[in-house]
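This is structure-v6.txt. It holds compact mmCIF, C-alpha atoms and all ligand atoms.
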```txt
# COMPACT_ATOMS: atom_id res chain seq x y z
CA MET O 1 105.28 82.11 141.03
CA ASN O 2 108.75 82.81 142.35
CA LEU O 3 111.62 82.77 139.91
CA LYS O 4 114.45 80.54 141.08
CA LYS O 5 116.93 80.41 138.23
CA VAL O 6 117.76 83.03 135.63
CA THR O 7 120.72 82.91 133.26
CA ILE O 8 122.01 85.69 131.05
CA ILE O 9 123.97 84.55 128.01
CA GLY O 10 126.47 87.13 126.80
CA PRO O 11 129.06 89.11 128.77
CA GLY O 12 128.94 92.25 126.60
CA ALA O 13 128.03 95.74 127.80
CA LEU O 14 124.30 95.06 128.20
CA GLY O 15 124.85 91.52 129.48
CA ILE O 16 127.02 92.62 132.41
CA LEU O 17 124.84 95.68 133.07
CA PHE O 18 121.71 93.53 133.44
CA ALA O 19 123.59 90.81 135.35
CA ALA O 20 124.87 93.30 137.93
CA GLY O 21 121.52 95.08 138.24
CA ILE O 22 119.46 91.90 138.61
CA TRP O 23 121.92 90.29 141.05
CA GLN O 24 121.30 93.15 143.50
CA LYS O 25 117.78 91.79 144.13
CA PHE O 26 118.02 88.22 142.86
CA LYS O 27 120.91 86.00 143.85
CA GLY O 28 119.81 83.13 141.60
CA LEU O 29 121.27 85.01 138.66
CA CYS O 30 124.01 83.42 136.59
CA LEU O 31 126.01 84.88 133.70
CA LEU O 32 127.15 82.50 130.98
CA HIS O 33 130.46 83.49 129.40
CA HIS O 34 132.05 81.94 126.31
CA ASP O 35 135.57 82.05 127.83
CA GLU O 36 136.42 80.00 130.94
CA ASN O 37 139.35 82.14 132.17
CA LYS O 38 137.45 85.37 131.69
CA ALA O 39 134.44 83.82 133.46
CA MET O 40 136.61 83.02 136.49
CA GLY O 41 138.10 86.53 136.46
CA LEU O 42 134.70 88.17 136.24
CA GLU O 43 133.30 86.04 139.06
CA ALA O 44 136.29 86.76 141.31
CA HIS O 45 136.53 90.51 140.68
CA GLY O 46 132.83 91.19 140.27
CA ILE O 47 131.11 93.45 137.77
CA GLU O 48 131.56 97.18 138.28
CA VAL O 49 128.80 99.48 137.04
CA VAL O 50 129.64 103.17 136.72
CA LYS O 51 126.80 105.64 136.27
CA ALA O 52 127.76 108.11 133.52
CA LYS O 53 125.48 110.74 135.04
CA ASN O 54 127.20 111.13 138.40
CA GLY O 55 130.13 108.70 138.43
CA GLY O 56 128.38 106.57 141.12
CA LYS O 57 129.68 103.00 141.29
CA MET O 58 128.44 99.63 142.45
CA VAL O 59 129.98 96.17 142.30
CA ALA O 60 128.02 92.94 141.90
CA PHE O 61 129.16 89.34 142.29
CA PRO O 62 126.85 87.05 140.29
CA LYS O 63 127.86 83.49 139.48
CA VAL O 64 129.75 83.49 136.17
CA THR O 65 130.49 80.27 134.33
CA ALA O 66 131.51 79.04 130.90
CA SER O 67 129.62 75.77 131.23
CA SER O 68 125.87 75.60 130.79
CA ARG O 69 125.80 71.87 131.46
CA ASP O 70 125.75 72.09 135.27
CA LEU O 71 123.23 74.90 135.55
CA GLY O 72 120.09 72.83 135.04
CA THR O 73 116.73 74.00 133.74
CA GLN O 74 116.20 77.75 134.06
CA ASP O 75 113.02 79.75 134.57
CA VAL O 76 114.34 82.46 132.27
CA VAL O 77 117.23 82.69 129.82
CA LEU O 78 118.06 86.17 128.60
CA VAL O 79 120.01 86.15 125.33
CA LEU O 80 122.30 89.14 125.03
CA VAL O 81 125.07 87.99 122.74
CA LYS O 82 125.72 90.03 119.59
CA THR O 83 123.05 89.22 117.01
CA TYR O 84 125.54 87.52 114.68
CA GLN O 85 126.59 85.20 117.53
CA THR O 86 123.08 83.82 118.08
CA THR O 87 123.88 80.44 116.51
CA THR O 88 126.64 79.96 119.10
CA VAL O 89 124.13 79.82 121.98
CA ILE O 90 122.02 77.01 120.52
CA ASP O 91 123.80 74.23 122.46
CA SER O 92 123.60 76.15 125.72
CA LEU O 93 119.89 76.71 125.19
CA LYS O 94 119.43 72.95 124.87
CA ASP O 95 121.07 72.56 128.30
CA LEU O 96 119.14 75.38 129.96
CA CYS O 97 115.61 75.10 128.64
CA GLY O 98 112.69 73.08 129.95
CA LYS O 99 108.99 73.17 129.10
CA LYS O 100 108.35 76.42 130.98
CA THR O 101 111.60 78.26 130.34
CA ALA O 102 111.10 81.72 128.88
CA VAL O 103 113.80 82.59 126.36
CA ILE O 104 114.03 86.34 125.98
CA THR O 105 116.13 88.18 123.43
CA LEU O 106 117.00 91.85 123.78
CA GLN O 107 119.39 91.77 120.83
CA ASN O 108 119.66 94.56 118.29
CA GLY O 109 118.16 94.47 114.82
CA ILE O 110 116.02 91.83 113.15
CA GLY O 111 116.81 88.19 112.54
CA SER O 112 117.85 86.52 115.78
CA ALA O 113 114.33 85.22 116.52
CA ASP O 114 114.45 83.04 113.40
CA ILE O 115 117.64 81.42 114.70
CA LEU O 116 116.32 80.96 118.26
CA GLU O 117 113.14 79.41 116.92
CA THR O 118 115.13 76.47 115.64
CA VAL O 119 115.47 75.28 119.29
CA VAL O 120 112.91 77.25 121.29
CA PRO O 121 109.15 76.70 120.81
CA ARG O 122 107.39 79.91 119.72
CA SER O 123 105.24 79.76 122.86
CA ASN O 124 108.39 80.16 124.98
CA LEU O 125 110.07 82.85 122.90
CA ILE O 126 109.88 86.49 123.93
CA LEU O 127 111.24 89.37 121.90
CA GLY O 128 112.35 92.56 123.52
CA VAL O 129 113.86 95.95 123.02
CA THR O 130 115.91 97.90 125.50
CA MET O 131 116.85 101.54 125.28
CA HIS O 132 119.57 101.42 127.92
CA GLY O 133 122.89 102.81 126.80
CA ALA O 134 125.88 100.77 128.00
CA ASN O 135 129.55 100.94 127.19
CA ARG O 136 131.93 98.24 128.42
CA VAL O 137 135.19 100.02 129.18
CA GLU O 138 137.05 97.10 130.84
CA GLU O 139 136.48 93.36 130.97
CA ASN O 140 134.47 93.78 134.19
CA THR O 141 133.46 97.46 134.02
CA VAL O 142 130.46 98.89 132.26
CA VAL O 143 129.45 102.53 132.06
CA HIS O 144 125.69 102.94 132.27
CA ALA O 145 125.47 105.72 129.72
CA GLY O 146 121.74 106.30 129.85
CA LYS O 147 118.62 104.79 131.36
CA GLY O 148 115.81 103.80 129.02
CA GLN O 149 112.72 101.65 128.93
CA THR O 150 112.64 97.95 128.15
CA PHE O 151 109.75 96.29 126.32
CA LEU O 152 108.94 92.59 126.08
CA GLY O 153 106.34 90.76 123.99
CA MET O 154 105.58 87.23 122.85
CA VAL O 155 106.92 86.31 119.41
CA ASP O 156 103.32 85.42 118.55
CA SER O 157 101.39 88.56 119.39
CA ASP O 158 98.19 86.54 119.99
CA ALA O 159 99.77 84.13 122.49
CA GLU O 160 99.20 84.46 126.22
CA PRO O 161 102.25 85.94 127.97
CA LEU O 162 104.36 83.20 129.55
CA GLU O 163 104.14 83.33 133.37
CA THR O 164 107.90 83.14 133.85
CA ALA O 165 108.42 86.03 131.44
CA VAL O 166 105.85 88.19 133.21
CA GLU O 167 107.58 87.45 136.54
CA PHE O 168 110.89 88.39 134.96
CA ALA O 169 109.44 91.73 133.80
CA LYS O 170 108.39 92.37 137.42
CA LEU O 171 111.88 91.47 138.62
CA LEU O 172 113.44 93.89 136.14
CA ASN O 173 111.18 96.66 137.42
CA ARG O 174 112.19 95.89 141.02
CA CYS O 175 115.82 96.16 139.92
CA GLY O 176 115.33 99.63 138.44
CA PHE O 177 115.08 98.53 134.78
CA GLU O 178 111.70 100.00 133.81
CA THR O 179 110.02 97.22 131.81
CA ASN O 180 106.64 96.81 130.10
CA PHE O 181 105.15 93.62 128.71
CA VAL O 182 103.27 94.56 125.53
CA LYS O 183 100.79 92.72 123.32
CA ASP O 184 102.49 93.58 120.04
CA ILE O 185 106.26 94.03 120.25
CA TYR O 186 106.89 94.43 116.51
CA PRO O 187 106.18 98.19 116.18
CA ILE O 188 108.64 98.78 119.04
CA ILE O 189 111.26 96.55 117.42
CA TRP O 190 110.85 98.47 114.14
CA LYS O 191 111.00 101.85 115.85
CA LYS O 192 114.37 100.90 117.34
CA LEU O 193 115.46 99.44 113.99
CA LEU O 194 114.63 102.72 112.21
CA VAL O 195 116.79 104.55 114.76
CA ASN O 196 119.65 102.08 114.34
CA VAL O 197 119.35 102.29 110.52
CA GLY O 198 119.76 106.07 110.78
CA ILE O 199 122.59 106.20 113.30
CA ASN O 200 124.76 103.09 113.52
CA ALA O 201 126.35 102.63 110.09
CA LEU O 202 126.86 106.36 109.58
CA THR O 203 128.59 106.81 112.94
CA ALA O 204 130.74 103.72 112.38
CA LEU O 205 131.85 104.90 108.93
CA THR O 206 132.50 108.51 109.95
CA MET O 207 133.74 107.82 113.50
CA LEU O 208 131.37 110.47 114.79
CA ARG O 209 129.42 110.40 118.05
CA ASN O 210 125.65 110.13 117.58
CA GLY O 211 124.96 113.86 117.95
CA GLN O 212 127.69 114.93 115.53
CA ILE O 213 125.89 113.51 112.48
CA LEU O 214 123.34 116.33 112.80
CA LYS O 215 126.05 118.95 112.32
CA TYR O 216 126.75 117.84 108.74
CA SER O 217 123.84 118.43 106.37
CA ASN O 218 125.13 115.90 103.81
CA LEU O 219 125.22 113.20 106.47
CA THR O 220 121.77 114.13 107.78
CA LYS O 221 120.54 113.75 104.20
CA ILE O 222 121.98 110.24 103.96
CA GLN O 223 120.48 109.46 107.37
CA GLU O 224 117.03 110.50 106.13
CA MET O 225 117.38 108.57 102.86
CA ALA O 226 118.33 105.37 104.70
CA VAL O 227 115.48 105.83 107.17
CA ARG O 228 112.99 106.53 104.36
CA GLU O 229 113.87 103.24 102.67
CA ALA O 230 113.47 101.37 105.97
CA TYR O 231 110.15 103.13 106.55
CA ASN O 232 108.89 102.04 103.10
CA VAL O 233 109.91 98.44 103.78
CA MET O 234 108.19 98.55 107.17
CA GLN O 235 104.97 99.93 105.69
CA LYS O 236 104.90 97.25 103.01
CA LYS O 237 105.27 94.67 105.78
CA GLY O 238 102.15 96.15 107.39
CA ILE O 239 103.82 97.36 110.57
CA ASP O 240 102.47 100.58 112.02
CA VAL O 241 104.70 102.48 114.45
CA GLY O 242 102.11 105.24 114.76
CA LEU O 243 104.33 107.84 113.07
CA ASP O 244 104.42 109.30 109.58
CA LEU O 245 107.74 109.67 107.78
CA LYS O 246 108.37 113.12 109.22
CA GLY O 247 107.60 111.77 112.69
CA VAL O 248 110.19 109.04 112.13
CA TYR O 249 112.83 111.59 111.00
CA ASP O 250 112.04 113.56 114.16
CA LEU O 251 112.40 110.43 116.27
CA VAL O 252 115.80 109.57 114.78
CA ARG O 253 116.96 113.16 115.27
CA LYS O 254 115.69 113.18 118.86
CA VAL O 255 117.52 109.94 119.72
CA SER O 256 120.68 111.33 118.04
CA MET O 257 120.39 114.41 120.25
CA ASP O 258 119.43 112.53 123.43
CA THR O 259 122.43 110.23 122.94
CA ALA O 260 124.64 112.95 121.43
CA GLU O 261 127.72 111.91 123.40
CA ASN O 262 127.22 108.16 122.82
CA ILE O 263 129.58 106.10 120.77
CA SER O 264 127.06 103.94 118.90
CA SER O 265 127.34 100.19 119.36
CA MET O 266 128.54 99.84 115.76
CA LEU O 267 131.25 102.44 116.23
CA GLN O 268 132.22 100.66 119.46
CA ASP O 269 132.60 97.48 117.38
CA ARG O 270 134.75 99.34 114.87
CA LEU O 271 136.96 100.72 117.65
CA LYS O 272 137.30 97.19 119.10
CA LYS O 273 137.94 95.91 115.56
CA THR O 274 135.26 93.29 115.94
CA ARG O 275 132.44 92.27 113.65
CA THR O 276 129.38 94.51 113.58
CA GLU O 277 125.63 93.87 113.56
CA ILE O 278 125.23 95.41 110.09
CA ASP O 279 123.64 92.19 108.73
CA PHE O 280 120.74 92.57 111.15
CA ILE O 281 120.28 96.34 110.77
CA ASN O 282 120.84 97.91 107.32
CA GLY O 283 121.41 94.39 105.94
CA ALA O 284 117.97 93.34 107.22
CA ILE O 285 116.37 96.27 105.38
CA VAL O 286 118.10 95.25 102.15
CA ARG O 287 117.07 91.60 102.62
CA ILE O 288 113.42 92.28 103.49
CA GLY O 289 113.26 95.00 100.81
CA ARG O 290 114.33 92.46 98.20
CA GLU O 291 111.69 89.98 99.38
CA LEU O 292 109.01 92.68 99.08
CA GLY O 293 110.27 94.18 95.83
CA ILE O 294 111.39 97.50 97.34
CA GLU O 295 114.64 99.15 96.26
CA THR O 296 116.99 100.11 99.10
CA PRO O 297 120.12 101.57 97.41
CA VAL O 298 121.22 103.73 100.35
CA ASN O 299 121.01 100.87 102.83
CA GLU O 300 122.73 98.63 100.31
CA THR O 301 125.60 101.13 100.10
CA LEU O 302 125.90 101.54 103.88
CA TYR O 303 125.70 97.77 104.24
CA ALA O 304 128.41 97.13 101.64
CA LEU O 305 130.81 99.67 103.18
CA VAL O 306 130.43 98.52 106.78
CA ASP O 307 130.42 94.87 105.76
CA PHE O 308 133.72 95.36 103.90
CA TRP O 309 135.38 97.40 106.61
CA GLY O 310 133.95 95.25 109.37
CA TYR O 311 135.92 92.16 108.44
CA GLY O 312 139.30 93.20 109.75
CA HIS O 313 139.85 96.00 107.21
CA TRP O 314 138.91 98.85 109.53
CA GLU O 315 142.33 100.33 110.07
CA GLN O 316 144.12 99.64 106.80
CA ALA O 317 146.43 102.65 106.43
CA GLU O 318 147.97 101.99 103.00
CA PRO O 319 146.25 101.53 99.65
CA ARG O 320 146.11 97.86 98.77
O1 LIG H 401 123.14 100.76 118.94
C1 LIG H 401 123.22 101.82 119.58
O2 LIG H 401 124.29 102.38 119.81
C2 LIG H 401 121.94 102.38 120.21
O3 LIG H 401 120.88 101.57 119.84
C3 LIG H 401 121.64 103.84 119.85
C4 LIG H 401 120.19 104.13 120.20
C5 LIG H 401 121.90 104.15 118.40
C6 LIG H 401 122.40 104.77 120.75
O4 LIG H 401 123.78 104.74 120.59
```
Give the structure from the file, written as structure tokens.
Amino acid sequence: MNLKKVTIIGPGALGILFAAGIWQKFKGLCLLHHDENKAMGLEAHGIEVVKAKNGGKMVAFPKVTASSRDLGTQDVVLVLVKTYQTTTVIDSLKDLCGKKTAVITLQNGIGSADILETVVPRSNLILGVTMHGANRVEENTVVHAGKGQTFLGMVDSDAEPLETAVEFAKLLNRCGFETNFVKDIYPIIWKKLLVNVGINALTALTMLRNGQILKYSNLTKIQEMAVREAYNVMQKKGIDVGLDLKGVYDLVRKVSMDTAENISSMLQDRLKKTRTEIDFINGAIVRIGRELGIETPVNETLYALVDFWGYGHWEQAEPR
């Protein structure tokens, strides 16, 4: 089948990166923005993608709109809003989805699928993970900080892959976003979650770039303690990422080194003074740990600190 209509919801760093990349090969791409004026600006000026590696630039001009009502039924809807904004896309999904529409989420952390499932049948819901590093430096400019793989899988691991989703994976590959459709997406989701548990809150609280954490042994210790708790929770859930605990520490350290110069997404949120995804990362470990009877004091501490600071208290200079 040929895809005719694809909409990306969410004009953040990854949203505009994917919109620009896909538009190069597929002009039926539309980006749904929450703000009408910004949508008009983005459509008029285009999206600029700057490659961090060599400074190379390209500009793309996809359709950008704030109204989902006129777009009609889509073949694919890619949800890329911040995880805590998932409830805000419910109405748009009602406008955009038909019987065969694949709804794909590449959002961070764990929890958005439960929200999407309230309007999208499980047979149409695809979970994904992307390792691309993106940093939005202006309203319409994104720095592509690092290429990585993207993985997609049905929310029900036993379900047949939806045709539209498989076509979309092919389209992503044609656009230079290396993508694999896998039978069981959950180990990949948890692998990324373990990495985010180890890096995001610590970098946001300390204002360090990812690689800097490794230079402070006390911080590396906290990183390992948080990751160990998450690993225990994951094991109790019966998810096997194919690594023992040491292997997971090595993975987190490797990602910290590979992305040493990155400002983690949570630190980016702190710098922008916006809400973070802590609820769906360390907060998810605390929540699932409680359900399974596993103590997670380090994640609870990281969660409490980021949660407090993340609600507009980031830059308080004076004691209150
Ligand atoms: O959230 C992030 O920033 C990224 O997932 C990662 C891998 C930690 C790199 O910065």
**Request:** Write out as number ranges by chain each polymer residue whose atoms come within 7 Å of segment 92-109 of chain O, counting all atoms listed in the file; drop sequence neighbours fewer than 2 positions from it.
**Result:** O: 68-69, 71-80, 82-83, 89-90, 111, 124-130, 162, 164-165, 193, 280-281
**Item:** Of the listed residues O:Gln149, O:Lys27, O:Asn200, O:Ala13, that which approaches Ile263 of chain O most closely, counting only C-alpha atoms
**Value:**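 So, comparing all the options, the nearest one is O:Asn200.
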**Prompt:** Interatomic distance between atom CA of Lys25 of chain O and atom CA of Lys183 of chain O?
**Reply:** 26.9 Å
**Item:** Protein, DNA and RNA residues within 12 Å of (125.4, 103.5, 135.8), all atoms listed in the file, as a PyMOL selection string
**Value:** chain O and resi 13-14+16-18+20-21+47-59+132-136+141-148+176-177
**Request:** Quick one: pull the distance between atom CA of Met225 of chain O and atom CA of Trp314 of chain O, Å, one decimal.
**Result:**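 Separation of atom CA of Met225 of chain O and atom CA of Trp314 of chain O: 24.5 Å.
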**Message:** Around ligand LIG 401 (chain H), which protein and nucleic acid residues have at least one atom no more than 6 Å from it, if we count all atoms listed in the file? List them as a PyMOL selection string.
**Reply:** chain O and resi 196+199-200+259+262-265
With C-alpha atoms retained, write the just-selected residues as a PDB file, in the coordinates of the input.
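Result went into selection-v9.pdb, see below:
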```pdb
ATOM      1  CA  ASN O 196     119.650 102.080 114.340  1.00  0.00           C
ATOM      2  CA  ILE O 199     122.590 106.200 113.300  1.00  0.00           C
ATOM      3  CA  ASN O 200     124.760 103.090 113.520  1.00  0.00           C
ATOM      4  CA  THR O 259     122.430 110.230 122.940  1.00  0.00           C
ATOM      5  CA  ASN O 262     127.220 108.160 122.820  1.00  0.00           C
ATOM      6  CA  ILE O 263     129.580 106.100 120.770  1.00  0.00           C
ATOM      7  CA  SER O 264     127.060 103.940 118.900  1.00  0.00           C
ATOM      8  CA  SER O 265     127.340 100.190 119.360  1.00  0.00           C
TER       9      SER O 265
END
```
**Prompt:** Which residue, O:Ser157, O:Thr150, O:Asn218, O:Thr274, has the smallest gap to Ser123 of chain O when you use only C-alpha atoms?
**Reply:**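 Among the listed residues, the smallest separation from Ser123 of chain O belongs to O:Ser157.
Nearest residue to Leu214 of chain O among O:Val248, O:Met257, O:Ala284, O:Ala66 is O:Met257, counting all atoms listed in the file.
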**Request:** Find the distance between atom CA of Val137 of chain O and atom CA of Asp269 of chain O and write it in Å to one decimal.
**Result:** 12.3 Å
**Asked** Got a sec: who's within 8 Å of Leu194 of chain O, counting only C-alpha atoms, leaving out chain neighbours fewer than 5 positions off, as a PyMOL selection string?
**Response** chain O and resi 227+230-231+248+252
Would you export the selected residues with C-alpha atoms as a short mmCIF file (atom, residue, chain, number, x, y, z; two decimals), in the frame of the given file, please?
```cif
data_model
loop_
_atom_site.label_atom_id
_atom_site.label_comp_id
_atom_site.auth_asym_id
_atom_site.auth_seq_id
_atom_site.Cartn_x
_atom_site.Cartn_y
_atom_site.Cartn_z
CA VAL O 227 115.48 105.83 107.17
CA ALA O 230 113.47 101.37 105.97
CA TYR O 231 110.15 103.13 106.55
CA VAL O 248 110.19 109.04 112.13
CA VAL O 252 115.80 109.57 114.78
#
```
**From O:Glu300, O:Thr7, O:Gln235, O:Val81, residue lying nearest Ser112 of chain O [only C-alpha atoms]** =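 Using only C-alpha atoms, Ser112 of chain O sits closest to O:Val81.
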Centre and edge lengths of an axis-aligned box around all listed atoms of segment 192-196 of chain O, with 5 Å added on each side, are to be given in Å to one decimal, as lines of an AutoDock Vina configuration file.
```
center_x = 117.0
center_y = 102.0
center_z = 114.8
size_x = 15.3
size_y = 15.1
size_z = 15.1
```
Polymer residues at most 8 Å from Pro62 of chain O, all atoms listed in the file, same-chain spacing of 2 or more positions, as a PDB file with C-alpha atoms, keeping the file's coordinate frame:
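part-v8.pdb written:
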```pdb
ATOM      1  CA  ALA O  19     123.590  90.810 135.350  1.00  0.00           C
ATOM      2  CA  ALA O  20     124.870  93.300 137.930  1.00  0.00           C
ATOM      3  CA  TRP O  23     121.920  90.290 141.050  1.00  0.00           C
ATOM      4  CA  LYS O  27     120.910  86.000 143.850  1.00  0.00           C
ATOM      5  CA  LEU O  29     121.270  85.010 138.660  1.00  0.00           C
ATOM      6  CA  CYS O  30     124.010  83.420 136.590  1.00  0.00           C
ATOM      7  CA  LEU O  31     126.010  84.880 133.700  1.00  0.00           C
ATOM      8  CA  GLU O  43     133.300  86.040 139.060  1.00  0.00           C
ATOM      9  CA  GLY O  46     132.830  91.190 140.270  1.00  0.00           C
ATOM     10  CA  ALA O  60     128.020  92.940 141.900  1.00  0.00           C
ATOM     11  CA  VAL O  64     129.750  83.490 136.170  1.00  0.00           C
TER      12      VAL O  64
END
```
**Best match for closeness to Arg287 of chain O among O:Val233, O:Ile115, O:Ile22, O:Met40, counting all atoms listed in the file** =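 Result for the nearest residue to Arg287 of chain O: O:Val233.
Using only C-alpha atoms, the shortest contact distance between Met207 of chain O and any of O:Leu271, O:Arg122, O:His313, O:Asn299 is found at O:Leu271.
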**Request:** Write out as an MDAnalysis selection string the residues lying within 6 Å of Ala260 of chain O, counting all atoms listed in the file and excluding same-chain residues fewer than 3 positions away.
**Result:** chainID O and resid 210:211 256:257
**Asked** Near Pro297 of chain O, within 10 Å and counting all atoms listed in the file, which residues show up once chain neighbours fewer than 4 positions away are dropped, as a ChimeraX atom specification?
**Response** /O:225-226,229,286,301-303
